[in-house]
file start06.txt (compact mmCIF, C-alpha atoms)
# COMPACT_ATOMS: atom_id res chain seq x y z
CA MET A 441 282.30 97.18 297.99
CA SER A 442 284.58 94.53 299.50
CA SER A 443 288.28 94.37 298.66
CA ALA A 444 289.37 91.83 296.11
CA GLY A 445 290.38 88.29 296.85
CA ARG A 446 292.69 86.70 294.31
CA PRO A 447 292.33 83.40 292.50
CA ARG A 448 294.38 80.74 294.22
CA GLY A 449 295.98 77.36 293.60
CA ARG A 450 295.52 75.92 290.14
CA ARG A 451 292.66 78.28 289.25
CA PRO A 452 293.04 80.14 285.95
CA GLY A 453 293.46 83.93 285.85
CA PRO A 454 290.79 86.45 286.84
CA SER A 455 288.74 86.26 283.66
CA GLY A 456 288.65 82.44 283.77
CA THR A 457 287.66 82.65 287.43
CA ARG A 458 284.87 85.07 286.62
CA GLU A 459 283.52 82.61 284.04
CA THR A 460 283.80 79.75 286.52
CA ILE A 461 281.75 81.73 289.04
CA LEU A 462 279.13 82.62 286.42
CA ALA A 463 278.80 78.99 285.30
CA ALA A 464 278.32 77.90 288.91
CA ALA A 465 275.81 80.71 289.46
CA ARG A 466 273.72 79.67 286.43
CA VAL A 467 273.50 76.10 287.68
CA ARG A 468 272.61 77.12 291.22
CA PHE A 469 270.05 79.79 290.27
CA ALA A 470 268.34 77.31 287.92
CA ALA A 471 268.29 74.56 290.55
CA HIS A 472 267.45 76.60 293.67
CA GLY A 473 265.92 79.82 292.38
CA TYR A 474 266.98 83.40 293.08
CA ASP A 475 265.69 83.88 296.61
CA ARG A 476 267.32 80.75 298.07
CA THR A 477 270.71 81.25 296.44
CA ARG A 478 273.47 82.86 298.53
CA LEU A 479 276.73 84.27 297.22
CA ARG A 480 278.68 81.99 299.52
CA ASP A 481 276.99 78.90 298.00
CA VAL A 482 278.01 80.00 294.53
CA ALA A 483 281.55 80.63 295.77
CA GLU A 484 281.68 77.14 297.25
CA ASP A 485 280.32 75.55 294.05
CA ALA A 486 282.93 77.44 292.04
CA GLY A 487 285.72 76.59 294.50
CA VAL A 488 286.63 80.25 295.13
CA ASP A 489 286.73 82.58 298.11
CA PRO A 490 283.39 84.36 298.70
CA ALA A 491 285.29 87.66 298.74
CA LEU A 492 286.08 87.07 295.09
CA VAL A 493 282.40 86.77 294.20
CA HIS A 494 281.76 90.05 296.02
CA TYR A 495 284.69 91.64 294.25
CA PHE A 496 283.46 90.71 290.78
CA PHE A 497 279.71 91.15 291.21
CA ARG A 498 279.18 93.26 294.37
CA SER A 499 275.75 91.76 295.20
CA LYS A 500 273.41 88.90 294.46
CA ASP A 501 271.47 90.94 291.92
CA GLY A 502 274.76 91.90 290.23
CA LEU A 503 275.72 88.22 290.03
CA PHE A 504 272.32 87.29 288.61
CA VAL A 505 272.44 90.08 286.02
CA ALA A 506 275.87 88.86 284.88
CA ALA A 507 274.86 85.18 284.91
CA MET A 508 271.73 85.85 282.82
CA GLU A 509 273.60 88.36 280.63
CA LEU A 510 271.03 91.05 281.32
CA PRO A 511 272.25 94.17 279.52
CA PHE A 512 271.81 96.35 282.65
CA ARG A 513 270.97 96.14 286.35
CA PRO A 514 267.24 96.75 286.77
CA ALA A 515 267.91 98.14 290.24
CA GLU A 516 270.11 100.84 288.73
CA VAL A 517 267.50 101.77 286.11
CA LEU A 518 264.49 101.65 288.42
CA GLY A 519 266.10 103.15 291.51
CA PRO A 520 266.30 106.77 290.33
CA LEU A 521 262.76 106.65 288.89
CA VAL A 522 261.28 105.39 292.12
CA ASP A 523 263.38 107.71 294.29
CA ALA A 524 261.81 110.72 292.53
CA GLY A 525 258.47 109.81 294.13
CA VAL A 526 255.17 108.36 293.01
CA ALA A 527 253.91 111.50 291.23
CA GLY A 528 254.55 111.03 287.52
CA LEU A 529 256.15 107.63 288.14
CA GLY A 530 253.89 105.92 285.56
CA GLU A 531 255.12 108.22 282.82
CA ARG A 532 258.78 107.97 283.86
CA MET A 533 258.56 104.18 283.95
CA VAL A 534 257.00 103.79 280.47
CA ARG A 535 259.48 106.23 278.94
CA ARG A 536 262.51 104.52 280.52
CA LEU A 537 261.23 101.03 279.73
CA LEU A 538 260.70 101.84 276.07
CA GLY A 539 264.04 103.63 275.92
CA VAL A 540 265.78 100.48 277.16
CA TRP A 541 263.85 98.06 274.92
CA ASP A 542 263.96 100.24 271.81
CA ALA A 543 267.78 100.18 271.84
CA PRO A 544 268.59 97.32 269.44
CA GLU A 545 271.51 95.94 271.46
CA ASN A 546 269.40 95.75 274.63
CA ARG A 547 266.44 94.32 272.80
CA ALA A 548 268.42 91.43 271.31
CA ALA A 549 269.85 90.56 274.72
CA LEU A 550 266.45 90.81 276.44
CA LEU A 551 264.71 88.68 273.81
CA ALA A 552 267.47 86.07 274.15
CA ILE A 553 266.75 85.95 277.88
CA VAL A 554 263.00 85.58 277.30
CA HIS A 555 263.57 82.74 274.82
CA GLY A 556 266.15 81.08 277.07
CA ALA A 557 263.73 81.21 280.00
CA SER A 558 260.92 79.65 277.96
CA ALA A 559 263.21 76.71 277.14
CA HIS A 560 264.53 76.23 280.70
CA PRO A 561 261.96 76.03 283.51
CA GLY A 562 264.63 76.47 286.19
CA ALA A 563 265.92 79.65 284.55
CA ALA A 564 262.34 80.91 284.16
CA ALA A 565 261.61 80.35 287.85
CA ALA A 566 264.79 82.14 288.90
CA LEU A 567 264.04 85.03 286.55
CA ARG A 568 260.53 85.28 287.97
CA GLU A 569 261.87 85.45 291.53
CA PHE A 570 264.45 88.03 290.50
CA ILE A 571 261.81 90.21 288.84
CA THR A 572 259.47 89.84 291.80
CA ARG A 573 262.13 90.84 294.32
CA GLU A 574 264.23 93.40 292.45
CA ILE A 575 261.58 95.08 290.29
CA VAL A 576 258.05 94.46 291.56
CA GLY A 577 259.24 94.72 295.16
CA ARG A 578 260.85 98.10 294.50
CA VAL A 579 257.70 99.44 292.85
CA ALA A 580 255.61 98.22 295.80
CA GLY A 581 258.03 100.03 298.11
CA ALA A 582 257.33 103.30 296.30
CA VAL A 583 253.54 103.06 296.65
CA GLU A 584 252.04 105.24 299.34
CA ALA A 585 248.41 104.17 298.76
CA ASP A 586 246.61 101.08 300.09
CA ARG A 587 247.51 97.58 298.88
CA PRO A 588 251.04 98.34 297.59
CA ALA A 589 251.83 94.71 296.64
CA LEU A 590 248.66 94.38 294.56
CA ARG A 591 249.28 97.74 292.90
CA ALA A 592 252.81 96.66 291.97
CA ASN A 593 251.36 93.40 290.54
CA LEU A 594 249.00 95.42 288.34
CA VAL A 595 251.84 97.64 287.15
CA ALA A 596 253.82 94.49 286.33
CA SER A 597 250.85 93.09 284.39
CA GLN A 598 250.60 96.13 282.11
CA VAL A 599 254.38 96.39 281.72
CA MET A 600 254.73 92.70 280.80
CA GLY A 601 251.81 92.96 278.40
CA LEU A 602 253.20 96.08 276.74
CA LEU A 603 256.58 94.43 276.23
CA ALA A 604 254.96 91.23 274.94
CA ALA A 605 252.68 93.11 272.52
CA ARG A 606 255.28 95.58 271.21
CA TYR A 607 258.49 93.54 271.16
CA ILE A 608 257.50 89.86 271.09
CA ALA A 609 254.12 89.57 269.31
CA ARG A 610 254.91 92.89 267.52
CA VAL A 611 251.26 93.79 267.00
CA GLU A 612 250.67 96.69 264.67
CA PRO A 613 250.37 99.66 264.86
CA LEU A 614 251.65 99.52 268.47
CA ALA A 615 255.00 97.93 267.53
CA SER A 616 255.92 100.70 265.06
CA LEU A 617 254.76 103.68 267.08
CA ASP A 618 257.41 106.11 268.33
CA ALA A 619 258.13 105.55 272.00
CA GLU A 620 257.05 109.12 272.79
CA ASP A 621 253.64 108.38 271.26
CA VAL A 622 253.25 105.25 273.39
CA VAL A 623 254.00 107.07 276.65
CA PRO A 624 250.69 109.00 276.94
CA LEU A 625 248.71 105.88 276.00
CA VAL A 626 250.03 103.63 278.75
CA ALA A 627 251.32 105.99 281.46
CA PRO A 628 247.82 106.79 282.82
CA THR A 629 247.19 103.05 283.32
CA LEU A 630 250.35 102.68 285.41
CA GLN A 631 249.66 105.88 287.33
CA ARG A 632 246.14 104.72 288.24
CA TYR A 633 247.56 101.42 289.46
CA LEU A 634 250.19 103.29 291.50
CA ASP A 635 248.07 105.91 293.24
CA GLY A 636 244.54 105.89 291.81
CA LYS A 637 241.34 104.69 293.41
CA LEU A 638 241.07 100.94 292.83
CA MET B 50 227.54 74.59 257.36
CA SER B 51 228.32 72.39 254.33
CA SER B 52 226.91 68.88 254.02
CA ALA B 53 229.20 66.01 254.91
CA GLY B 54 231.58 64.31 252.57
CA ARG B 55 232.58 60.76 253.49
CA PRO B 56 235.99 59.21 253.76
CA ARG B 57 236.82 57.32 250.57
CA GLY B 58 239.15 54.65 249.26
CA ARG B 59 241.60 53.15 251.72
CA ARG B 60 241.17 55.95 254.23
CA PRO B 61 240.36 54.85 257.79
CA GLY B 62 236.95 55.62 259.36
CA PRO B 63 235.79 59.15 260.26
CA SER B 64 237.74 59.50 263.50
CA GLY B 65 240.97 58.39 261.81
CA THR B 66 240.27 60.82 258.98
CA ARG B 67 239.69 63.62 261.43
CA GLU B 68 243.07 62.93 263.03
CA THR B 69 244.73 62.80 259.61
CA ILE B 70 243.28 66.22 258.79
CA LEU B 71 244.41 67.65 262.13
CA ALA B 72 247.93 66.32 261.69
CA ALA B 73 248.11 67.89 258.21
CA ALA B 74 246.70 71.15 259.59
CA ARG B 75 249.32 71.35 262.36
CA VAL B 76 252.13 70.91 259.86
CA ARG B 77 250.69 73.48 257.44
CA PHE B 78 249.84 76.13 260.05
CA ALA B 79 253.34 75.80 261.53
CA ALA B 80 255.00 76.07 258.11
CA HIS B 81 252.79 78.73 256.47
CA GLY B 82 251.08 80.52 259.34
CA TYR B 83 247.38 81.04 259.93
CA ASP B 84 246.59 83.75 257.39
CA ARG B 85 248.14 81.98 254.39
CA THR B 86 246.63 78.55 255.09
CA ARG B 87 243.47 77.59 253.20
CA LEU B 88 241.16 74.69 254.06
CA ARG B 89 241.62 73.24 250.57
CA ASP B 90 245.44 73.11 251.09
CA VAL B 91 244.97 71.14 254.29
CA ALA B 92 242.52 68.82 252.51
CA GLU B 93 245.05 68.22 249.77
CA ASP B 94 247.86 67.57 252.26
CA ALA B 95 245.62 65.09 254.09
CA GLY B 96 244.45 63.49 250.83
CA VAL B 97 240.76 64.10 251.55
CA ASP B 98 237.91 65.98 249.90
CA PRO B 99 237.73 69.65 251.02
CA ALA B 100 234.05 69.09 251.84
CA LEU B 101 235.17 66.71 254.56
CA VAL B 102 237.31 69.39 256.21
CA HIS B 103 234.32 71.74 256.12
CA TYR B 104 232.12 68.99 257.54
CA PHE B 105 234.38 68.31 260.52
CA PHE B 106 235.58 71.85 261.33
CA ARG B 107 233.18 74.26 259.58
CA SER B 108 235.74 77.07 259.16
CA LYS B 109 239.45 77.85 259.28
CA ASP B 110 239.22 79.09 262.83
CA GLY B 111 237.40 75.90 263.82
CA LEU B 112 240.18 73.83 262.24
CA PHE B 113 242.87 75.87 263.99
CA VAL B 114 241.13 75.58 267.36
CA ALA B 115 240.94 71.79 266.93
CA ALA B 116 244.53 71.49 265.66
CA MET B 117 245.90 73.52 268.59
CA GLU B 118 243.52 71.81 271.02
CA LEU B 119 242.20 75.13 272.23
CA PRO B 120 239.47 74.34 274.77
CA PHE B 121 236.96 76.68 273.06
CA ARG B 122 236.51 78.87 270.00
CA PRO B 123 237.54 82.43 270.86
CA ALA B 124 235.12 83.73 268.23
CA GLU B 125 232.24 82.08 270.09
CA VAL B 126 233.32 83.50 273.44
CA LEU B 127 234.14 86.99 272.19
CA GLY B 128 231.30 87.38 269.68
CA PRO B 129 228.43 87.86 272.15
CA LEU B 130 230.52 90.25 274.30
CA VAL B 131 231.39 92.45 271.36
CA ASP B 132 227.87 92.29 269.88
CA ALA B 133 226.49 93.84 273.07
CA GLY B 134 228.32 97.07 272.22
CA VAL B 135 231.32 98.97 273.47
CA ALA B 136 229.68 100.32 276.64
CA GLY B 137 230.78 98.09 279.51
CA LEU B 138 232.81 95.91 277.14
CA GLY B 139 235.97 96.24 279.28
CA GLU B 140 234.18 94.79 282.29
CA ARG B 141 232.50 92.00 280.30
CA MET B 142 235.83 91.03 278.73
CA VAL B 143 237.76 90.80 282.00
CA ARG B 144 234.98 88.83 283.68
CA ARG B 145 234.68 86.34 280.79
CA LEU B 146 238.44 86.02 280.36
CA LEU B 147 238.97 85.22 284.04
CA GLY B 148 235.99 82.85 284.00
CA VAL B 149 237.58 80.90 281.16
CA TRP B 150 241.11 80.86 282.63
CA ASP B 151 240.02 80.18 286.21
CA ALA B 152 238.38 76.90 285.12
CA PRO B 153 241.12 74.32 285.83
CA GLU B 154 240.45 72.21 282.71
CA ASN B 155 240.72 75.26 280.45
CA ARG B 156 243.74 76.61 282.24
CA ALA B 157 245.72 73.37 281.81
CA ALA B 158 244.91 73.29 278.10
CA LEU B 159 245.75 76.98 277.62
CA LEU B 160 249.06 76.71 279.49
CA ALA B 161 249.96 73.66 277.39
CA ILE B 162 249.37 75.78 274.28
CA VAL B 163 251.52 78.63 275.63
CA HIS B 164 254.36 76.22 276.45
CA GLY B 165 254.01 74.42 273.13
CA ALA B 166 254.20 77.73 271.29
CA SER B 167 257.33 78.81 273.17
CA ALA B 168 259.05 75.59 272.05
CA HIS B 169 257.91 75.77 268.40
CA PRO B 170 258.47 79.07 266.57
CA GLY B 171 256.17 78.02 263.69
CA ALA B 172 253.33 77.25 266.08
CA ALA B 173 253.96 80.53 267.89
CA ALA B 174 253.77 82.52 264.65
CA ALA B 175 250.54 80.78 263.61
CA LEU B 176 249.03 81.38 267.06
CA ARG B 177 250.00 85.04 266.86
CA GLU B 178 248.30 85.42 263.48
CA PHE B 179 245.23 83.60 264.75
CA ILE B 180 244.99 85.85 267.82
CA THR B 181 245.55 88.97 265.71
CA ARG B 182 242.83 88.06 263.23
CA GLU B 183 240.21 86.29 265.35
CA ILE B 184 240.56 88.19 268.63
CA VAL B 185 242.31 91.55 268.22
CA GLY B 186 240.58 92.10 264.86
CA ARG B 187 237.16 91.52 266.41
CA VAL B 188 237.88 93.93 269.25
CA ALA B 189 239.04 96.56 266.75
CA GLY B 190 235.80 96.02 264.83
CA ALA B 191 233.81 96.89 267.93
CA VAL B 192 235.60 100.20 268.55
CA GLU B 193 233.69 103.30 267.50
CA ALA B 194 236.36 105.80 268.54
CA ASP B 195 239.45 106.91 266.59
CA ARG B 196 242.38 104.56 265.97
CA PRO B 197 240.50 101.23 266.44
CA ALA B 198 243.50 99.04 265.56
CA LEU B 199 245.76 100.78 268.08
CA ARG B 200 243.04 100.62 270.76
CA ALA B 201 242.66 96.89 270.17
CA ASN B 202 246.47 96.50 270.47
CA LEU B 203 246.38 98.27 273.83
CA VAL B 204 243.52 96.04 275.03
CA ALA B 205 245.57 93.03 273.91
CA SER B 206 248.61 94.31 275.82
CA GLN B 207 246.73 94.54 279.13
CA VAL B 208 244.93 91.24 278.56
CA MET B 209 248.18 89.39 277.75
CA GLY B 210 249.89 90.98 280.74
CA LEU B 211 247.05 90.10 283.10
CA LEU B 212 247.09 86.48 281.94
CA ALA B 213 250.90 86.33 282.20
CA ALA B 214 250.95 87.86 285.69
CA ARG B 215 248.04 85.88 287.16
CA TYR B 216 248.38 82.48 285.48
CA ILE B 217 251.98 82.13 284.30
CA ALA B 218 254.19 84.20 286.63
CA ARG B 219 251.49 83.82 289.35
CA VAL B 220 252.48 87.01 291.14
CA GLU B 221 250.89 87.47 294.53
CA PRO B 222 248.45 88.74 295.68
CA LEU B 223 247.02 89.09 292.13
CA ALA B 224 247.14 85.35 291.39
CA SER B 225 245.03 84.40 294.43
CA LEU B 226 242.45 87.18 294.22
CA ASP B 227 238.86 86.18 293.43
CA ALA B 228 238.04 86.90 289.81
CA GLU B 229 235.26 89.28 290.87
CA ASP B 230 237.82 91.33 292.83
CA VAL B 231 240.08 91.56 289.79
CA VAL B 232 237.32 92.84 287.49
CA PRO B 233 237.06 96.39 288.93
CA LEU B 234 240.86 96.72 288.99
CA VAL B 235 241.47 96.01 285.31
CA ALA B 236 238.15 96.77 283.57
CA PRO B 237 238.66 100.57 283.65
CA THR B 238 242.00 100.13 281.85
CA LEU B 239 240.36 98.18 279.03
CA GLN B 240 237.42 100.56 278.86
CA ARG B 241 239.71 103.58 278.53
CA TYR B 242 241.59 101.84 275.73
CA LEU B 243 238.27 101.02 274.02
CA ASP B 244 236.52 104.37 274.18
CA GLY B 245 238.47 106.80 276.35
CA LYS B 246 240.51 109.81 275.34
CA LEU B 247 243.97 108.60 274.35
call {"tool": "encode", "arguments": {"input": "start06.txt", "output": "structure tokens"}}
result
Amino acid sequence: MSSAGRPRGRRPGPSGTRETILAAARVRFAAHGYDRTRLRDVAEDAGVDPALVHYFFRSKDGLFVAAMELPFRPAEVLGPLVDAGVAGLGERMVRRLLGVWDAPENRAALLAIVHGASAHPGAAAALREFITREIVGRVAGAVEADRPALRANLVASQVMGLLAARYIARVEPLASLDAEDVVPLVAPTLQRYLDGKL
Amino acid sequence: MSSAGRPRGRRPGPSGTRETILAAARVRFAAHGYDRTRLRDVAEDAGVDPALVHYFFRSKDGLFVAAMELPFRPAEVLGPLVDAGVAGLGERMVRRLLGVWDAPENRAALLAIVHGASAHPGAAAALREFITREIVGRVAGAVEADRPALRANLVASQVMGLLAARYIARVEPLASLDAEDVVPLVAPTLQRYLDGKL
């Protein structure tokens, strides 16, 4: 973690500066996507020292999470699951995913992001790149079998569909099932995609 | 199929009448949803004889398909697959689904519907009810194992996720794979949901 810069000149105090950086980040992510955005570009757009962006947000994914108001950093949630190895990863992923989405405060924030992205093509594209790099990419990195990128795509397809069916379309009885009852239904699908014969 | 009524009074000719009915249907489906809309309500809104609505669209699902500009009637696509029995149904469904979505003219129309629904909550709710009744309900009807409704929900979750990943998010390499190479990846998931041990 880099040491803090300080707001300078006629800039407002730290919390105003943080908001200025986030506003600049939203515009740049929407216009240029996630992959092509650099922290230093956002700093320049916001008229602040790049060290300040590092100080507030630590990394590009931290900045994106704050700009999109994601309720958590996916890297922090997914990292420990993936680090424990591919055995049982399908089950750990479904359980953690449902735990996050079943919490009402997370769910409201996540649904707001989904709806925001459907109204703003630039935000949707940036979100897609973020998910591809920070989530699908990490899953692919955990795969030891052949075709890791394709396997991670398949995992993403079942995860997206589960979230869409349970939390957005709210199909019944799936939407009302206890999370622990959903785990054994979907975990074998993810596990086959991760290390099964395709 | 009922015999044709004819436009009366100061109504325009048949094609104008058809458009009048469709406009009334769009408003009513968006306001009241799919399940609670009756053909006779749409006829009344449009100021035409109910027989005319039957003549043009045959059934409520036919009217909905025309109003939403769906490129085909899901009941007509799904019916023959389901009628052939649950054995091999997962494979037949994936193959047919990809065949429909891979055709550029269908895909453009289907993506337009998805985007339209994300901008109009009423249209989204009606589409959800339509899919639940005309698609998920038919799949549930084909299941011979326990918990048919839940199994159909799980099928829907993987189908929605596959469509979202391949055609909307366009994740690679899944998006560029030949349809025939996708079939053996996803069909076993659907088949397990249809008749496997859960």
call {"tool": "atom_distance", "arguments": {"input": "start06.txt", "atom1": "CA of Arg632 (chain A)", "atom2": "CA of Leu521 (chain A)"}}
result
16.7 Å
call {"tool": "closest_atom_pairs", "arguments": {"input": "start06.txt", "of": "chain B", "to": "chain A", "cutoff": "10 Å", "atoms": "all atoms listed in the file", "output": "JSON lines"}}
result
{"residue": "B:Val163", "atom": "CA", "partner": "A:Ser558", "partner_atom": "CA", "distance": 9.7}
{"residue": "B:His164", "atom": "CA", "partner": "A:Ser558", "partner_atom": "CA", "distance": 7.6}
{"residue": "B:Gly165", "atom": "CA", "partner": "A:Ser558", "partner_atom": "CA", "distance": 9.9}
{"residue": "B:Ala166", "atom": "CA", "partner": "A:Ser558", "partner_atom": "CA", "distance": 9.7}
{"residue": "B:Ser167", "atom": "CA", "partner": "A:Ser558", "partner_atom": "CA", "distance": 6.0}
{"residue": "B:Ala168", "atom": "CA", "partner": "A:Ala559", "partner_atom": "CA", "distance": 6.7}
{"residue": "B:Ala173", "atom": "CA", "partner": "A:Ala609", "partner_atom": "CA", "distance": 9.2}
{"residue": "B:Ala174", "atom": "CA", "partner": "A:Ala609", "partner_atom": "CA", "distance": 8.5}
{"residue": "B:Leu176", "atom": "CA", "partner": "A:Ala609", "partner_atom": "CA", "distance": 9.9}
{"residue": "B:Arg177", "atom": "CA", "partner": "A:Ala609", "partner_atom": "CA", "distance": 6.6}
{"residue": "B:Glu178", "atom": "CA", "partner": "A:Ala609", "partner_atom": "CA", "distance": 9.2}
{"residue": "B:Ile180", "atom": "CA", "partner": "A:Ala609", "partner_atom": "CA", "distance": 10.0}
{"residue": "B:Thr181", "atom": "CA", "partner": "A:Val611", "partner_atom": "CA", "distance": 7.6}
{"residue": "B:Val185", "atom": "CA", "partner": "A:Val611", "partner_atom": "CA", "distance": 9.3}
{"residue": "B:Arg196", "atom": "CA", "partner": "A:Pro613", "partner_atom": "CA", "distance": 9.4}
{"residue": "B:Ala198", "atom": "CA", "partner": "A:Pro613", "partner_atom": "CA", "distance": 6.9}
{"residue": "B:Leu199", "atom": "CA", "partner": "A:Pro613", "partner_atom": "CA", "distance": 5.7}
{"residue": "B:Arg200", "atom": "CA", "partner": "A:Leu614", "partner_atom": "CA", "distance": 9.0}
{"residue": "B:Ala201", "atom": "CA", "partner": "A:Leu614", "partner_atom": "CA", "distance": 9.5}
{"residue": "B:Asn202", "atom": "CA", "partner": "A:Leu614", "partner_atom": "CA", "distance": 6.3}
{"residue": "B:Leu203", "atom": "CA", "partner": "A:Leu614", "partner_atom": "CA", "distance": 7.6}
{"residue": "B:Val204", "atom": "CA", "partner": "A:Gly601", "partner_atom": "CA", "distance": 9.5}
{"residue": "B:Ala205", "atom": "CA", "partner": "A:Ala605", "partner_atom": "CA", "distance": 7.2}
{"residue": "B:Ser206", "atom": "CA", "partner": "A:Gly601", "partner_atom": "CA", "distance": 4.3}
{"residue": "B:Gln207", "atom": "CA", "partner": "A:Gln598", "partner_atom": "CA", "distance": 5.1}
{"residue": "B:Val208", "atom": "CA", "partner": "A:Gly601", "partner_atom": "CA", "distance": 7.1}
{"residue": "B:Met209", "atom": "CA", "partner": "A:Gly601", "partner_atom": "CA", "distance": 5.1}
{"residue": "B:Gly210", "atom": "CA", "partner": "A:Gly601", "partner_atom": "CA", "distance": 3.6}
{"residue": "B:Leu211", "atom": "CA", "partner": "A:Ser597", "partner_atom": "CA", "distance": 5.0}
{"residue": "B:Leu212", "atom": "CA", "partner": "A:Ser597", "partner_atom": "CA", "distance": 8.0}
{"residue": "B:Ala213", "atom": "CA", "partner": "A:Ser597", "partner_atom": "CA", "distance": 7.1}
{"residue": "B:Ala214", "atom": "CA", "partner": "A:Ser597", "partner_atom": "CA", "distance": 5.4}
{"residue": "B:Arg215", "atom": "CA", "partner": "A:Ser597", "partner_atom": "CA", "distance": 8.2}
{"residue": "B:Ile217", "atom": "CA", "partner": "A:Arg568", "partner_atom": "CA", "distance": 9.8}
{"residue": "B:Ala218", "atom": "CA", "partner": "A:Arg568", "partner_atom": "CA", "distance": 6.6}
{"residue": "B:Arg219", "atom": "CA", "partner": "A:Arg568", "partner_atom": "CA", "distance": 9.3}
{"residue": "B:Val220", "atom": "CA", "partner": "A:Asn593", "partner_atom": "CA", "distance": 6.5}
{"residue": "B:Glu221", "atom": "CA", "partner": "A:Asn593", "partner_atom": "CA", "distance": 7.2}
{"residue": "B:Pro222", "atom": "CA", "partner": "A:Leu590", "partner_atom": "CA", "distance": 5.8}
{"residue": "B:Leu223", "atom": "CA", "partner": "A:Leu590", "partner_atom": "CA", "distance": 6.0}
{"residue": "B:Ala224", "atom": "CA", "partner": "A:Asn593", "partner_atom": "CA", "distance": 9.1}
{"residue": "B:Leu226", "atom": "CA", "partner": "A:Leu590", "partner_atom": "CA", "distance": 9.5}
{"residue": "B:Val231", "atom": "CA", "partner": "A:Leu594", "partner_atom": "CA", "distance": 9.8}
{"residue": "B:Pro233", "atom": "CA", "partner": "A:Leu638", "partner_atom": "CA", "distance": 7.2}
{"residue": "B:Leu234", "atom": "CA", "partner": "A:Leu638", "partner_atom": "CA", "distance": 5.7}
{"residue": "B:Val235", "atom": "CA", "partner": "A:Leu594", "partner_atom": "CA", "distance": 8.1}
{"residue": "B:Pro237", "atom": "CA", "partner": "A:Thr629", "partner_atom": "CA", "distance": 8.9}
{"residue": "B:Thr238", "atom": "CA", "partner": "A:Thr629", "partner_atom": "CA", "distance": 6.1}
{"residue": "B:Leu239", "atom": "CA", "partner": "A:Thr629", "partner_atom": "CA", "distance": 9.4}
{"residue": "B:Arg241", "atom": "CA", "partner": "A:Thr629", "partner_atom": "CA", "distance": 8.9}
{"residue": "B:Tyr242", "atom": "CA", "partner": "A:Leu625", "partner_atom": "CA", "distance": 8.2}
{"residue": "B:Lys246", "atom": "CA", "partner": "A:Leu625", "partner_atom": "CA", "distance": 9.1}
{"residue": "B:Leu247", "atom": "CA", "partner": "A:Leu625", "partner_atom": "CA", "distance": 5.7}
call {"tool": "residues_around", "arguments": {"input": "start06.txt", "residues": "Arg145 (chain B)", "least_positions_apart": "2", "cutoff": "12 Å", "atoms": "only C-alpha atoms", "output": "JSON, numbers by chain"}}
result
{"B": [123, 125, 126, 127, 128, 129, 130, 131, 138, 139, 140, 141, 142, 143, 147, 148, 149, 150, 151, 152, 208, 228, 229, 231, 232, 236]}
call {"tool": "atom_distance", "arguments": {"input": "start06.txt", "atom1": "CA of Ala194 (chain B)", "atom2": "CA of Leu243 (chain B)"}}
result
7.5 Å
call {"tool": "closest_residue", "arguments": {"input": "start06.txt", "among": "A:Glu584, A:Ser455, A:Ala527, A:Ala506", "to": "Ile553 (chain A)", "atoms": "all atoms listed in the file"}}
result
A:Ala506
call {"tool": "atom_distance", "arguments": {"input": "start06.txt", "atom1": "CA of Gly562 (chain A)", "atom2": "CA of Ala471 (chain A)"}}
result
6.0 Å
call {"tool": "decode", "arguments": {"input": "start06.txt", "residues": "region 140-147 of chain B", "atoms": "N, CA, C and O atoms", "output": "short mmCIF file (atom, residue, chain, number, x, y, z; two decimals), in the first residue's frame"}}
result
data_model
loop_
_atom_site.label_atom_id
_atom_site.label_comp_id
_atom_site.auth_asym_id
_atom_site.auth_seq_id
_atom_site.Cartn_x
_atom_site.Cartn_y
_atom_site.Cartn_z
N GLU B 140 -29.93 -32.77 -24.39
CA GLU B 140 -29.15 -32.58 -25.62
C GLU B 140 -30.01 -31.91 -26.70
O GLU B 140 -29.56 -30.97 -27.38
N ARG B 141 -31.25 -32.38 -26.87
CA ARG B 141 -32.11 -31.78 -27.90
C ARG B 141 -32.38 -30.30 -27.60
O ARG B 141 -32.41 -29.47 -28.51
N MET B 142 -32.55 -29.97 -26.31
CA MET B 142 -32.83 -28.58 -25.97
C MET B 142 -31.63 -27.67 -26.27
O MET B 142 -31.79 -26.59 -26.83
N VAL B 143 -30.45 -28.08 -25.86
CA VAL B 143 -29.27 -27.23 -26.11
C VAL B 143 -29.08 -27.04 -27.61
O VAL B 143 -28.85 -25.92 -28.09
N ARG B 144 -29.18 -28.13 -28.36
CA ARG B 144 -28.95 -28.04 -29.81
C ARG B 144 -29.96 -27.09 -30.47
O ARG B 144 -29.59 -26.24 -31.28
N ARG B 145 -31.23 -27.21 -30.09
CA ARG B 145 -32.28 -26.38 -30.71
C ARG B 145 -32.14 -24.92 -30.29
O ARG B 145 -32.29 -24.00 -31.10
N LEU B 146 -31.84 -24.73 -29.01
CA LEU B 146 -31.65 -23.38 -28.47
C LEU B 146 -30.51 -22.65 -29.18
O LEU B 146 -30.66 -21.49 -29.58
N LEU B 147 -29.40 -23.34 -29.35
CA LEU B 147 -28.25 -22.70 -30.02
C LEU B 147 -28.56 -22.49 -31.50
O LEU B 147 -28.16 -21.49 -32.08
#
